[in-house]
$ cat entry_37.txt   # compact mmCIF, C-alpha atoms and all ligand atoms
# COMPACT_ATOMS: atom_id res chain seq x y z
CA MET A 4 9.55 0.74 23.92
CA ARG A 5 9.73 3.88 21.77
CA VAL A 6 10.77 3.62 18.11
CA LEU A 7 11.47 6.12 15.35
CA GLY A 8 10.26 4.85 11.95
CA ILE A 9 11.57 6.04 8.58
CA GLU A 10 9.95 5.24 5.22
CA THR A 11 11.77 6.18 1.98
CA SER A 12 11.02 3.29 -0.39
CA CYS A 13 9.41 5.31 -3.17
CA ASP A 14 7.99 8.83 -3.48
CA GLU A 15 7.02 9.66 0.09
CA THR A 16 9.34 10.57 2.94
CA GLY A 17 7.51 9.33 6.03
CA VAL A 18 8.64 9.50 9.65
CA ALA A 19 6.88 8.61 12.91
CA ILE A 20 7.43 7.79 16.55
CA TYR A 21 5.55 4.80 17.95
CA ASP A 22 5.52 3.94 21.65
CA SER A 23 4.38 0.45 22.64
CA GLU A 24 2.70 1.86 25.79
CA GLN A 25 1.35 5.18 24.50
CA GLY A 26 0.73 4.40 20.83
CA LEU A 27 1.58 6.72 17.98
CA LEU A 28 3.17 9.93 19.33
CA ALA A 29 3.68 11.82 16.06
CA HIS A 30 4.00 11.27 12.34
CA ALA A 31 4.83 13.35 9.28
CA VAL A 32 4.87 12.68 5.55
CA HIS A 33 6.38 14.67 2.74
CA SER A 34 4.91 13.71 -0.63
CA GLN A 35 7.02 14.06 -3.79
CA VAL A 36 3.95 14.15 -6.05
CA GLU A 37 4.71 17.64 -7.38
CA LEU A 38 8.31 16.70 -8.10
CA HIS A 39 7.37 13.73 -10.28
CA ALA A 40 4.10 15.04 -11.79
CA ALA A 41 5.83 16.67 -14.77
CA TYR A 42 7.26 13.25 -15.75
CA GLY A 43 4.00 11.33 -15.33
CA GLY A 44 5.58 8.90 -12.84
CA VAL A 45 8.31 8.44 -10.25
CA VAL A 46 11.86 9.31 -11.40
CA PRO A 47 14.05 7.19 -9.09
CA GLU A 48 17.08 9.50 -8.98
CA LEU A 49 14.94 12.55 -8.20
CA ALA A 50 13.20 10.53 -5.50
CA SER A 51 16.51 9.62 -3.78
CA ARG A 52 17.74 13.22 -3.84
CA ASP A 53 14.52 14.55 -2.41
CA HIS A 54 14.61 11.99 0.43
CA VAL A 55 18.13 13.22 1.24
CA ARG A 56 16.83 16.80 1.43
CA LYS A 57 13.71 16.06 3.47
CA VAL A 58 14.41 13.24 5.90
CA LEU A 59 16.38 15.06 8.62
CA PRO A 60 14.21 18.22 8.71
CA LEU A 61 11.17 15.93 8.98
CA VAL A 62 12.73 14.00 11.88
CA ARG A 63 13.47 17.31 13.66
CA GLN A 64 9.88 18.45 13.09
CA LEU A 65 8.66 15.13 14.47
CA PHE A 66 10.62 15.48 17.72
CA GLN A 67 9.21 18.98 18.15
CA GLU A 68 5.63 17.85 17.54
CA ALA A 69 5.97 14.90 19.89
CA GLY A 70 7.75 17.07 22.46
CA ILE A 71 10.43 14.44 23.01
CA GLU A 72 14.21 14.21 22.81
CA ALA A 73 16.17 11.59 20.92
CA ASP A 74 17.44 10.13 24.21
CA SER A 75 13.98 8.76 25.00
CA LEU A 76 14.10 6.47 21.91
CA HIS A 77 14.84 2.75 22.18
CA GLY A 78 15.26 1.93 18.51
CA VAL A 79 15.13 3.07 14.88
CA ALA A 80 13.20 1.23 12.17
CA TYR A 81 13.64 1.95 8.49
CA THR A 82 12.20 0.45 5.31
CA ALA A 83 14.80 -1.94 3.91
CA GLY A 84 12.77 -3.07 0.86
CA PRO A 85 11.13 -3.79 -1.44
CA GLY A 86 11.39 -0.48 -3.27
CA LEU A 87 13.72 1.78 -5.24
CA VAL A 88 17.25 0.95 -4.11
CA GLY A 89 18.57 4.53 -4.15
CA ALA A 90 15.57 5.75 -2.18
CA LEU A 91 15.79 2.86 0.30
CA LEU A 92 19.47 3.57 0.90
CA VAL A 93 18.66 7.08 2.13
CA GLY A 94 16.35 5.91 4.92
CA ALA A 95 18.59 2.96 5.71
CA SER A 96 21.83 4.94 6.01
CA VAL A 97 20.26 7.87 7.88
CA GLY A 98 18.31 5.54 10.19
CA ARG A 99 21.28 3.35 11.00
CA SER A 100 23.62 6.30 11.48
CA MET A 101 21.25 7.93 13.94
CA ALA A 102 20.76 4.67 15.81
CA TRP A 103 24.52 4.18 16.01
CA SER A 104 25.12 7.73 17.26
CA TRP A 105 22.36 7.34 19.89
CA GLY A 106 23.63 3.90 20.92
CA ILE A 107 20.32 2.13 20.22
CA PRO A 108 19.44 -0.79 17.91
CA ALA A 109 18.25 -0.34 14.34
CA ILE A 110 16.09 -2.68 12.31
CA GLY A 111 15.20 -2.94 8.62
CA VAL A 112 11.48 -3.41 7.99
CA HIS A 113 9.74 -5.04 5.04
CA HIS A 114 7.61 -2.37 3.36
CA MET A 115 4.68 -4.73 2.70
CA GLU A 116 4.77 -6.01 6.27
CA GLY A 117 4.48 -2.35 7.26
CA HIS A 118 1.34 -1.99 5.11
CA LEU A 119 -0.01 -5.28 6.44
CA LEU A 120 0.33 -4.12 10.06
CA ALA A 121 -0.99 -0.57 9.46
CA PRO A 122 -4.54 -1.50 10.65
CA MET A 123 -2.97 -2.34 14.05
CA LEU A 124 -2.53 1.42 14.59
CA GLU A 125 -6.30 1.97 14.64
CA PRO A 126 -8.33 2.23 17.87
CA GLU A 127 -9.91 -1.16 17.10
CA PRO A 128 -7.16 -3.33 15.62
CA PRO A 129 -8.05 -6.62 13.90
CA PRO A 130 -7.70 -9.85 15.93
CA PHE A 131 -5.33 -12.59 14.72
CA PRO A 132 -5.56 -14.67 12.62
CA PHE A 133 -6.66 -12.64 9.61
CA ILE A 134 -6.51 -12.57 5.84
CA ALA A 135 -4.66 -9.54 4.44
CA MET A 136 -5.35 -8.12 1.00
CA LEU A 137 -2.38 -5.90 0.15
CA VAL A 138 -3.15 -3.58 -2.74
CA SER A 139 -0.46 -1.03 -3.52
CA GLY A 140 1.31 0.45 -6.51
CA GLY A 141 3.74 -2.46 -6.71
CA HIS A 142 1.91 -5.40 -5.13
CA THR A 143 -1.43 -7.22 -5.10
CA GLN A 144 -1.15 -10.00 -2.55
CA LEU A 145 -3.40 -12.14 -0.41
CA VAL A 146 -1.67 -13.25 2.76
CA GLU A 147 -2.79 -15.51 5.60
CA VAL A 148 -1.55 -13.92 8.80
CA GLU A 149 -1.32 -16.09 11.89
CA ALA A 150 0.60 -13.56 14.00
CA ILE A 151 3.20 -10.84 13.51
CA GLY A 152 5.98 -12.43 11.43
CA ARG A 153 3.86 -15.51 10.54
CA TYR A 154 2.78 -14.98 6.96
CA ARG A 155 1.68 -17.34 4.22
CA LEU A 156 1.33 -16.00 0.70
CA LEU A 157 -1.99 -17.18 -0.79
CA GLY A 158 -2.05 -15.18 -4.02
CA ASP A 159 0.04 -12.67 -5.93
CA SER A 160 -0.11 -10.51 -9.04
CA LEU A 161 1.27 -12.22 -12.12
CA ASP A 162 1.82 -8.90 -13.91
CA ASP A 163 0.63 -5.34 -13.08
CA ALA A 164 -0.39 -4.62 -9.49
CA ALA A 165 -3.86 -3.15 -8.86
CA GLY A 166 -2.47 0.33 -8.12
CA GLU A 167 -0.28 0.17 -11.21
CA ALA A 168 -3.35 -0.70 -13.33
CA PHE A 169 -5.19 2.28 -11.79
CA ASP A 170 -2.24 4.56 -12.57
CA LYS A 171 -1.78 3.34 -16.15
CA THR A 172 -5.48 3.50 -16.99
CA ALA A 173 -5.68 6.98 -15.45
CA LYS A 174 -2.84 8.04 -17.73
CA LEU A 175 -4.72 6.68 -20.76
CA LEU A 176 -7.70 8.80 -19.67
CA GLY A 177 -5.46 11.86 -19.56
CA LEU A 178 -5.48 12.16 -15.77
CA PRO A 179 -2.45 13.50 -13.89
CA TYR A 180 -0.08 11.34 -11.81
CA PRO A 181 -0.72 9.73 -9.36
CA GLY A 182 -3.71 8.40 -11.23
CA GLY A 183 -5.45 6.09 -8.72
CA PRO A 184 -7.26 8.72 -6.63
CA GLU A 185 -7.92 10.88 -9.72
CA LEU A 186 -9.52 7.97 -11.56
CA ALA A 187 -11.66 7.17 -8.50
CA LYS A 188 -12.85 10.80 -8.42
CA LEU A 189 -13.74 10.75 -12.13
CA ALA A 190 -15.53 7.39 -11.73
CA GLU A 191 -17.97 8.93 -9.24
CA ARG A 192 -19.72 10.66 -12.15
CA GLY A 193 -19.66 7.56 -14.34
CA ASP A 194 -22.57 5.36 -15.39
CA PRO A 195 -21.79 1.77 -14.29
CA GLN A 196 -24.15 0.32 -16.95
CA ARG A 197 -22.53 1.79 -20.07
CA TYR A 198 -19.37 -0.32 -20.32
CA ARG A 199 -18.45 -3.69 -18.85
CA PHE A 200 -14.82 -4.64 -18.30
CA PRO A 201 -13.70 -8.26 -17.68
CA ARG A 202 -12.98 -9.62 -14.17
CA PRO A 203 -9.59 -11.25 -14.86
CA MET A 204 -8.87 -14.74 -13.49
CA THR A 205 -12.10 -14.98 -11.52
CA ASP A 206 -13.63 -17.81 -13.58
CA ARG A 207 -10.93 -20.29 -12.57
CA PRO A 208 -9.80 -21.47 -9.14
CA GLY A 209 -6.85 -19.85 -7.37
CA LEU A 210 -6.00 -16.59 -5.68
CA ASP A 211 -3.55 -14.98 -8.11
CA PHE A 212 -4.26 -11.74 -9.95
CA SER A 213 -3.59 -10.35 -13.41
CA PHE A 214 -4.48 -6.74 -14.15
CA SER A 215 -2.47 -5.96 -17.27
CA GLY A 216 -5.32 -7.16 -19.53
CA LEU A 217 -7.66 -4.58 -17.98
CA LYS A 218 -5.32 -1.79 -19.00
CA THR A 219 -5.33 -3.12 -22.60
CA PHE A 220 -9.12 -3.42 -22.46
CA ALA A 221 -9.25 0.21 -21.32
CA LEU A 222 -6.98 1.27 -24.18
CA ASN A 223 -9.19 -0.48 -26.76
CA THR A 224 -12.36 0.95 -25.22
CA ILE A 225 -10.88 4.47 -25.27
CA GLN A 226 -9.71 4.16 -28.88
CA GLU A 227 -13.07 2.85 -30.04
CA ALA A 228 -14.91 5.64 -28.20
CA GLU A 229 -12.55 8.22 -29.71
CA ARG A 230 -13.37 6.97 -33.19
CA ARG A 231 -17.08 7.15 -32.41
CA GLU A 232 -16.87 10.59 -30.82
CA GLY A 233 -14.69 12.12 -33.52
CA GLY A 234 -11.28 12.25 -31.84
CA THR A 235 -11.79 13.55 -28.32
CA LEU A 236 -13.76 11.85 -25.61
CA SER A 237 -16.60 13.66 -23.88
CA ASP A 238 -16.24 14.10 -20.16
CA GLN A 239 -19.12 11.69 -19.57
CA THR A 240 -17.50 8.96 -21.67
CA ARG A 241 -14.23 9.32 -19.74
CA ALA A 242 -16.16 9.07 -16.47
CA ASP A 243 -18.10 6.02 -17.73
CA ILE A 244 -14.88 4.24 -18.73
CA ALA A 245 -13.26 5.13 -15.38
CA ARG A 246 -16.31 3.75 -13.59
CA ALA A 247 -16.30 0.50 -15.58
CA PHE A 248 -12.59 0.03 -14.89
CA GLU A 249 -12.98 0.70 -11.17
CA GLU A 250 -15.98 -1.66 -10.94
CA ALA A 251 -13.92 -4.41 -12.59
CA VAL A 252 -10.94 -4.01 -10.24
CA VAL A 253 -13.16 -3.80 -7.15
CA ASP A 254 -15.18 -6.86 -8.22
CA THR A 255 -12.05 -8.87 -8.95
CA LEU A 256 -10.45 -8.02 -5.60
CA LEU A 257 -13.73 -8.76 -3.81
CA ILE A 258 -14.18 -12.18 -5.46
CA LYS A 259 -10.61 -13.20 -4.50
CA CYS A 260 -10.98 -11.90 -0.93
CA ARG A 261 -14.20 -13.87 -0.46
CA ARG A 262 -12.53 -16.97 -1.87
CA ALA A 263 -9.55 -16.58 0.52
CA VAL A 264 -11.76 -15.99 3.55
CA ARG A 265 -13.83 -19.09 2.78
CA GLN A 266 -10.83 -21.26 1.86
CA CYS A 267 -8.97 -20.45 5.11
CA ALA A 268 -12.14 -20.35 7.25
CA ILE A 269 -10.96 -17.05 8.73
CA ASN A 270 -13.61 -14.35 8.97
CA THR A 271 -11.38 -11.35 9.65
CA LEU A 272 -10.10 -9.53 6.58
CA ILE A 273 -7.82 -6.52 6.43
CA LEU A 274 -7.15 -4.33 3.42
CA ALA A 275 -4.00 -2.22 3.24
CA GLY A 276 -1.80 -0.38 0.74
CA GLY A 277 -2.63 2.66 -1.39
CA VAL A 278 -5.62 1.17 -3.23
CA SER A 279 -7.32 0.32 0.08
CA ALA A 280 -8.03 4.07 0.37
CA ASN A 281 -10.57 3.56 -2.45
CA GLN A 282 -14.04 4.25 -1.05
CA ARG A 283 -15.96 2.02 -3.46
CA LEU A 284 -13.65 -0.89 -2.64
CA ARG A 285 -14.16 -0.35 1.10
CA GLN A 286 -17.96 -0.20 0.79
CA ARG A 287 -18.16 -3.33 -1.33
CA ILE A 288 -15.75 -5.27 0.90
CA ASP A 289 -17.68 -4.21 4.03
CA SER A 290 -20.97 -5.58 2.72
CA MET A 291 -19.31 -8.73 1.36
CA MET A 292 -17.74 -9.44 4.78
CA GLU A 293 -21.04 -8.75 6.50
CA GLY A 294 -22.59 -11.41 4.27
CA GLU A 295 -19.81 -13.81 5.29
CA GLY A 296 -20.51 -13.13 8.98
CA GLY A 297 -17.10 -11.50 9.40
CA THR A 298 -15.50 -8.08 9.65
CA ALA A 299 -13.21 -6.01 7.45
CA TYR A 300 -10.56 -3.69 8.87
CA TYR A 301 -8.63 -0.87 7.20
CA PRO A 302 -6.00 1.67 8.12
CA ARG A 303 -7.21 5.29 8.22
CA PRO A 304 -6.86 6.68 4.66
CA LYS A 305 -3.56 8.49 5.28
CA PHE A 306 -1.99 5.24 6.53
CA CYS A 307 -3.20 3.30 3.45
CA THR A 308 -0.53 5.00 1.35
CA ASP A 309 3.16 5.06 2.30
CA ASN A 310 3.92 6.44 5.76
CA GLY A 311 6.41 6.22 8.60
CA ALA A 312 3.87 5.13 11.23
CA MET A 313 3.51 1.61 9.83
CA ILE A 314 7.30 1.23 9.73
CA ALA A 315 7.71 2.48 13.32
CA TYR A 316 4.98 0.04 14.45
CA ALA A 317 6.37 -2.98 12.57
CA GLY A 318 9.94 -2.18 13.70
CA CYS A 319 8.81 -1.83 17.31
CA GLN A 320 7.17 -5.27 17.24
CA HIS A 321 10.34 -6.88 15.87
CA LEU A 322 12.58 -5.06 18.37
CA LEU A 323 10.25 -6.13 21.19
CA ALA A 324 10.69 -9.71 19.95
CA GLY A 325 14.44 -9.26 20.46
CA GLU A 326 15.45 -8.79 16.83
CA SER A 327 17.94 -6.16 15.66
CA GLU A 328 20.73 -6.01 13.16
CA ALA A 329 24.50 -5.79 13.10
CA LEU A 330 26.07 -2.57 11.81
CA GLY A 331 26.49 -3.79 8.21
CA PHE A 332 23.23 -3.63 6.27
CA SER A 333 21.65 -4.19 2.91
CA VAL A 334 18.53 -3.06 1.12
CA ARG A 335 16.59 -5.14 -1.39
CA SER A 336 14.65 -4.08 -4.44
CA ARG A 337 12.88 -7.47 -4.38
CA TRP A 338 12.08 -9.34 -1.18
CA PRO A 339 9.53 -12.18 -0.85
CA MET A 340 7.63 -11.67 2.40
CA GLU A 341 7.48 -15.41 3.04
CA SER A 342 11.22 -15.39 3.75
CA LEU A 343 10.49 -13.44 6.96
CA GLY A 344 9.93 -16.70 8.82
CA GLY A 345 7.08 -19.07 9.40
CA GLY A 346 6.83 -19.73 5.69
CA GLY A 347 4.08 -22.02 4.48
CA ASP A 348 4.38 -24.57 7.27
CA PHE A 349 2.92 -22.78 10.25
CA LYS A 350 -0.27 -24.84 10.38
O1 LIG B 1 0.97 1.82 -0.96
P1 LIG B 1 1.27 2.94 -1.88
O2 LIG B 1 1.23 4.33 -1.33
O3 LIG B 1 2.67 2.77 -2.53
C1 LIG B 1 3.23 1.56 -2.85
O4 LIG B 1 3.74 0.86 -1.95
O5 LIG B 1 3.12 1.23 -4.06
O6 LIG B 1 0.23 2.78 -3.08
C2 LIG B 1 0.17 3.70 -4.11
C3 LIG B 1 -0.88 3.24 -5.10
C4 LIG B 1 -0.85 4.06 -6.39
O7 LIG B 1 -0.90 3.17 -7.47
C5 LIG B 1 -2.12 4.89 -6.27
O8 LIG B 1 -2.66 5.25 -7.52
C6 LIG B 1 -3.04 3.96 -5.52
O9 LIG B 1 -2.19 3.38 -4.55
N1 LIG B 1 -4.17 4.67 -4.87
C7 LIG B 1 -5.46 4.49 -5.21
C8 LIG B 1 -6.23 5.37 -4.39
N2 LIG B 1 -5.35 6.04 -3.58
C9 LIG B 1 -4.10 5.59 -3.89
N3 LIG B 1 -6.05 3.69 -6.12
C10 LIG B 1 -7.39 3.72 -6.22
N4 LIG B 1 -8.19 4.54 -5.49
C11 LIG B 1 -7.65 5.37 -4.55
N5 LIG B 1 -8.45 6.15 -3.82
ZN ZN B 2 3.59 1.18 -0.15
$ encode --input "entry_37.txt" --output "structure tokens" --more "lines below"
Ligand code: KG4
Ligand code: ZN
Amino acid sequence: MRVLGIETSCDETGVAIYDSEQGLLAHAVHSQVELHAAYGGVVPELASRDHVRKVLPLVRQLFQEAGIEADSLHGVAYTAGPGLVGALLVGASVGRSMAWSWGIPAIGVHHMEGHLLAPMLEPEPPPFPFIAMLVSGGHTQLVEVEAIGRYRLLGDSLDDAAGEAFDKTAKLLGLPYPGGPELAKLAERGDPQRYRFPRPMTDRPGLDFSFSGLKTFALNTIQEAERREGGTLSDQTRADIARAFEEAVVDTLLIKCRRAVRQCAINTLILAGGVSANQRLRQRIDSMMEGEGGTAYYPRPKFCTDNGAMIAYAGCQHLLAGESEALGFSVRSRWPMESLGGGGDFK
């Protein structure tokens, strides 16, 4: 089965063609970073308009790169949520219209399920069951995954997501949007001994997360350092603060991952979502999982952030399972992944 995937939930237009026999045939992403940079964050209306401009030219480019015609497709998958509603509607209406005109089924895909399945696109995909740590701009979730479509939520963010905390702290440090990768770059030069940030919610049982306190801690640390350094921070101090913040987030995620792996007695862990591109996080998780006698899996860095390949893959699996949708459709700005089926009672 060959499926076109379309991702337009936020600030990346992603398209891809996945073939269940041949694997990923082509993928393309257009990032809106430059468009939103001047505003320091995503402007939803600008995002929708840019998706409208970019999605069809990208699909055409994709067909050319893959050297295929639309008539060889068996389905279209698009991100149906969670995300920005105006942006989602672009991918949903374009995807469904194309599917209708080609006489093939269309299917709406859950964006976080797309992230969760992204490691399946790698040459060595993780075996089921596994624990998934989803760390993106909007979500921090631990999920027990029994099979495709069989998900149990183990832990969730109570306030800011990990990526959001990275972005907000980066902004406080004067770094440009999107802050996560910029902060990680700055942290490389930082001294891990100079500052110590808290590891929120690690001293009590449970698998939920709270990162908004870290951002406040960063703000206080920056203000205090500014007073000490006479107004403007030295480059080294900014790097030291970035490093302390990154260490705290990485440690917190690691502690919760280890707890989930032990609690579920499952020694395969996957990390996915934008923050899973973070090199320090990957290194620390790798050695933690080695110590647990297990293995960690990740998508390649370009499939950690938003992309069409994960949507094409997830859509293909659902279409292969016989699912598709009637012509009417909806998109959802909020969408609990547990409602996808299986729920908490699969054991
Ligand atoms: O998954 P994603 O592309 O979009 C959402 O679904 O939210 O994740 C984007 C998030 C942003 O918050 C971005 O700053 C963060 O992932 N991110 C990183 C890194 N690369 C992206 N955070 C830390 N270190 C990175 N290397
Ligand atoms: Zn995402």
$ atom_distance --input "entry_37.txt" --atom1 "atom CA of Asp243 of chain A" --atom2 "atom C3 of ligand LIG 1 (chain B)"
21.5 Å
$ closest_residue --input "entry_37.txt" --among "A:Tyr198, A:Phe214, A:Thr205, A:Gln35" --to "Ala228 of chain A" --atoms "only C-alpha atoms"
A:Tyr198
$ atom_distance --input "entry_37.txt" --atom1 "atom CA of Ser100 of chain A" --atom2 "atom CA of Arg337 of chain A"
23.6 Å
$ residues_around --input "entry_37.txt" --residues "Met4 of chain A" --least-positions-apart "4" --cutoff "7 Å" --atoms "all atoms listed in the file" --output "CSV table (one decimal) with C-alpha atoms, in the coordinates of the input"
chain,number,residue,atom,x,y,z
A,22,ASP,CA,5.5,3.9,21.6
A,23,SER,CA,4.4,0.4,22.6
A,77,HIS,CA,14.8,2.8,22.2
$ closest_residue --input "entry_37.txt" --among "A:Leu76, A:Leu343, A:Glu167, A:Gly182" --to "Val36 of chain A" --atoms "only C-alpha atoms"
A:Gly182
$ residues_around --input "entry_37.txt" --residues "Ala268 of chain A" --least-positions-apart "5" --cutoff "10 Å" --atoms "all atoms listed in the file" --output "mmCIF file with C-alpha atoms, keeping the file's coordinate frame"
data_model
loop_
_atom_site.group_PDB
_atom_site.id
_atom_site.type_symbol
_atom_site.label_atom_id
_atom_site.label_comp_id
_atom_site.auth_asym_id
_atom_site.auth_seq_id
_atom_site.Cartn_x
_atom_site.Cartn_y
_atom_site.Cartn_z
ATOM 1 C CA PHE A 133 -6.660 -12.640 9.610
ATOM 2 C CA ILE A 134 -6.510 -12.570 5.840
ATOM 3 C CA ARG A 262 -12.530 -16.970 -1.870
ATOM 4 C CA ALA A 263 -9.550 -16.580 0.520
#
$ closest_residue --input "entry_37.txt" --among "A:Gly297, A:Gly89, A:Gly193, A:Gly166" --to "Glu48 of chain A" --atoms "all atoms listed in the file"
A:Gly89
$ residues_near_ligand --input "entry_37.txt" --ligand "ligand LIG 1 (chain B)" --cutoff "6 Å" --atoms "only C-alpha atoms and all ligand atoms" --output "list in words"
Ser139, Gly140, Gly141, Gly166, Glu167, Phe169, Asp170, Pro181, Gly182, Gly183, Pro184, Ala187, Gly276, Gly277, Val278, Ala280, Asn281, Thr308 and Asp309 of chain A
$ build_atoms --input "entry_37.txt" --residues "segment 161-169 of chain A" --atoms "all heavy atoms" --output "PDB file, keeping the file's coordinate frame"
ATOM      1  N   LEU A 161       0.394 -11.600 -11.130  1.00  0.00           N
ATOM      2  CA  LEU A 161       1.270 -12.220 -12.120  1.00  0.00           C
ATOM      3  C   LEU A 161       1.883 -11.164 -13.027  1.00  0.00           C
ATOM      4  O   LEU A 161       2.878 -11.398 -13.695  1.00  0.00           O
ATOM      5  CB  LEU A 161       0.476 -13.231 -12.958  1.00  0.00           C
ATOM      6  CG  LEU A 161      -0.235 -14.330 -12.162  1.00  0.00           C
ATOM      7  CD1 LEU A 161      -0.994 -15.273 -13.088  1.00  0.00           C
ATOM      8  CD2 LEU A 161       0.769 -15.131 -11.319  1.00  0.00           C
ATOM      9  N   ASP A 162       1.267  -9.977 -13.078  1.00  0.00           N
ATOM     10  CA  ASP A 162       1.820  -8.900 -13.910  1.00  0.00           C
ATOM     11  C   ASP A 162       1.611  -7.566 -13.172  1.00  0.00           C
ATOM     12  O   ASP A 162       2.169  -7.385 -12.116  1.00  0.00           O
ATOM     13  CB  ASP A 162       1.185  -8.910 -15.317  1.00  0.00           C
ATOM     14  CG  ASP A 162      -0.308  -9.196 -15.298  1.00  0.00           C
ATOM     15  OD1 ASP A 162      -1.019  -8.466 -14.581  1.00  0.00           O
ATOM     16  OD2 ASP A 162      -0.763 -10.133 -15.974  1.00  0.00           O
ATOM     17  N   ASP A 163       0.815  -6.651 -13.724  1.00  0.00           N
ATOM     18  CA  ASP A 163       0.630  -5.340 -13.080  1.00  0.00           C
ATOM     19  C   ASP A 163      -0.084  -5.476 -11.725  1.00  0.00           C
ATOM     20  O   ASP A 163      -1.021  -6.263 -11.591  1.00  0.00           O
ATOM     21  CB  ASP A 163      -0.229  -4.431 -13.958  1.00  0.00           C
ATOM     22  CG  ASP A 163       0.491  -4.030 -15.241  1.00  0.00           C
ATOM     23  OD1 ASP A 163       1.659  -4.419 -15.401  1.00  0.00           O
ATOM     24  OD2 ASP A 163      -0.121  -3.330 -16.066  1.00  0.00           O
ATOM     25  N   ALA A 164       0.333  -4.687 -10.768  1.00  0.00           N
ATOM     26  CA  ALA A 164      -0.390  -4.620  -9.490  1.00  0.00           C
ATOM     27  C   ALA A 164      -1.650  -3.777  -9.689  1.00  0.00           C
ATOM     28  O   ALA A 164      -1.772  -3.029 -10.671  1.00  0.00           O
ATOM     29  CB  ALA A 164       0.505  -3.989  -8.435  1.00  0.00           C
ATOM     30  N   ALA A 165      -2.582  -3.878  -8.732  1.00  0.00           N
ATOM     31  CA  ALA A 165      -3.860  -3.150  -8.860  1.00  0.00           C
ATOM     32  C   ALA A 165      -3.620  -1.636  -8.959  1.00  0.00           C
ATOM     33  O   ALA A 165      -4.198  -0.964  -9.817  1.00  0.00           O
ATOM     34  CB  ALA A 165      -4.754  -3.474  -7.669  1.00  0.00           C
ATOM     35  N   GLY A 166      -2.738  -1.121  -8.098  1.00  0.00           N
ATOM     36  CA  GLY A 166      -2.470   0.330  -8.120  1.00  0.00           C
ATOM     37  C   GLY A 166      -1.828   0.755  -9.441  1.00  0.00           C
ATOM     38  O   GLY A 166      -2.143   1.821  -9.981  1.00  0.00           O
ATOM     39  N   GLU A 167      -0.954  -0.103  -9.938  1.00  0.00           N
ATOM     40  CA  GLU A 167      -0.280   0.170 -11.210  1.00  0.00           C
ATOM     41  C   GLU A 167      -1.321   0.228 -12.339  1.00  0.00           C
ATOM     42  O   GLU A 167      -1.251   1.103 -13.214  1.00  0.00           O
ATOM     43  CB  GLU A 167       0.697  -0.981 -11.446  1.00  0.00           C
ATOM     44  CG  GLU A 167       1.734  -0.770 -12.501  1.00  0.00           C
ATOM     45  CD  GLU A 167       2.657  -2.000 -12.576  1.00  0.00           C
ATOM     46  OE1 GLU A 167       2.547  -2.933 -11.742  1.00  0.00           O
ATOM     47  OE2 GLU A 167       3.483  -2.023 -13.498  1.00  0.00           O
ATOM     48  N   ALA A 168      -2.287  -0.691 -12.317  1.00  0.00           N
ATOM     49  CA  ALA A 168      -3.350  -0.700 -13.330  1.00  0.00           C
ATOM     50  C   ALA A 168      -4.182   0.580 -13.227  1.00  0.00           C
ATOM     51  O   ALA A 168      -4.532   1.188 -14.242  1.00  0.00           O
ATOM     52  CB  ALA A 168      -4.233  -1.930 -13.156  1.00  0.00           C
ATOM     53  N   PHE A 169      -4.484   1.008 -11.997  1.00  0.00           N
ATOM     54  CA  PHE A 169      -5.190   2.280 -11.790  1.00  0.00           C
ATOM     55  C   PHE A 169      -4.381   3.424 -12.408  1.00  0.00           C
ATOM     56  O   PHE A 169      -4.916   4.260 -13.136  1.00  0.00           O
ATOM     57  CB  PHE A 169      -5.378   2.564 -10.287  1.00  0.00           C
ATOM     58  CG  PHE A 169      -6.739   2.198  -9.760  1.00  0.00           C
ATOM     59  CD1 PHE A 169      -6.961   0.992  -9.112  1.00  0.00           C
ATOM     60  CD2 PHE A 169      -7.801   3.079  -9.889  1.00  0.00           C
ATOM     61  CE1 PHE A 169      -8.215   0.649  -8.616  1.00  0.00           C
ATOM     62  CE2 PHE A 169      -9.068   2.749  -9.399  1.00  0.00           C
ATOM     63  CZ  PHE A 169      -9.262   1.535  -8.761  1.00  0.00           C
TER      64      PHE A 169
END
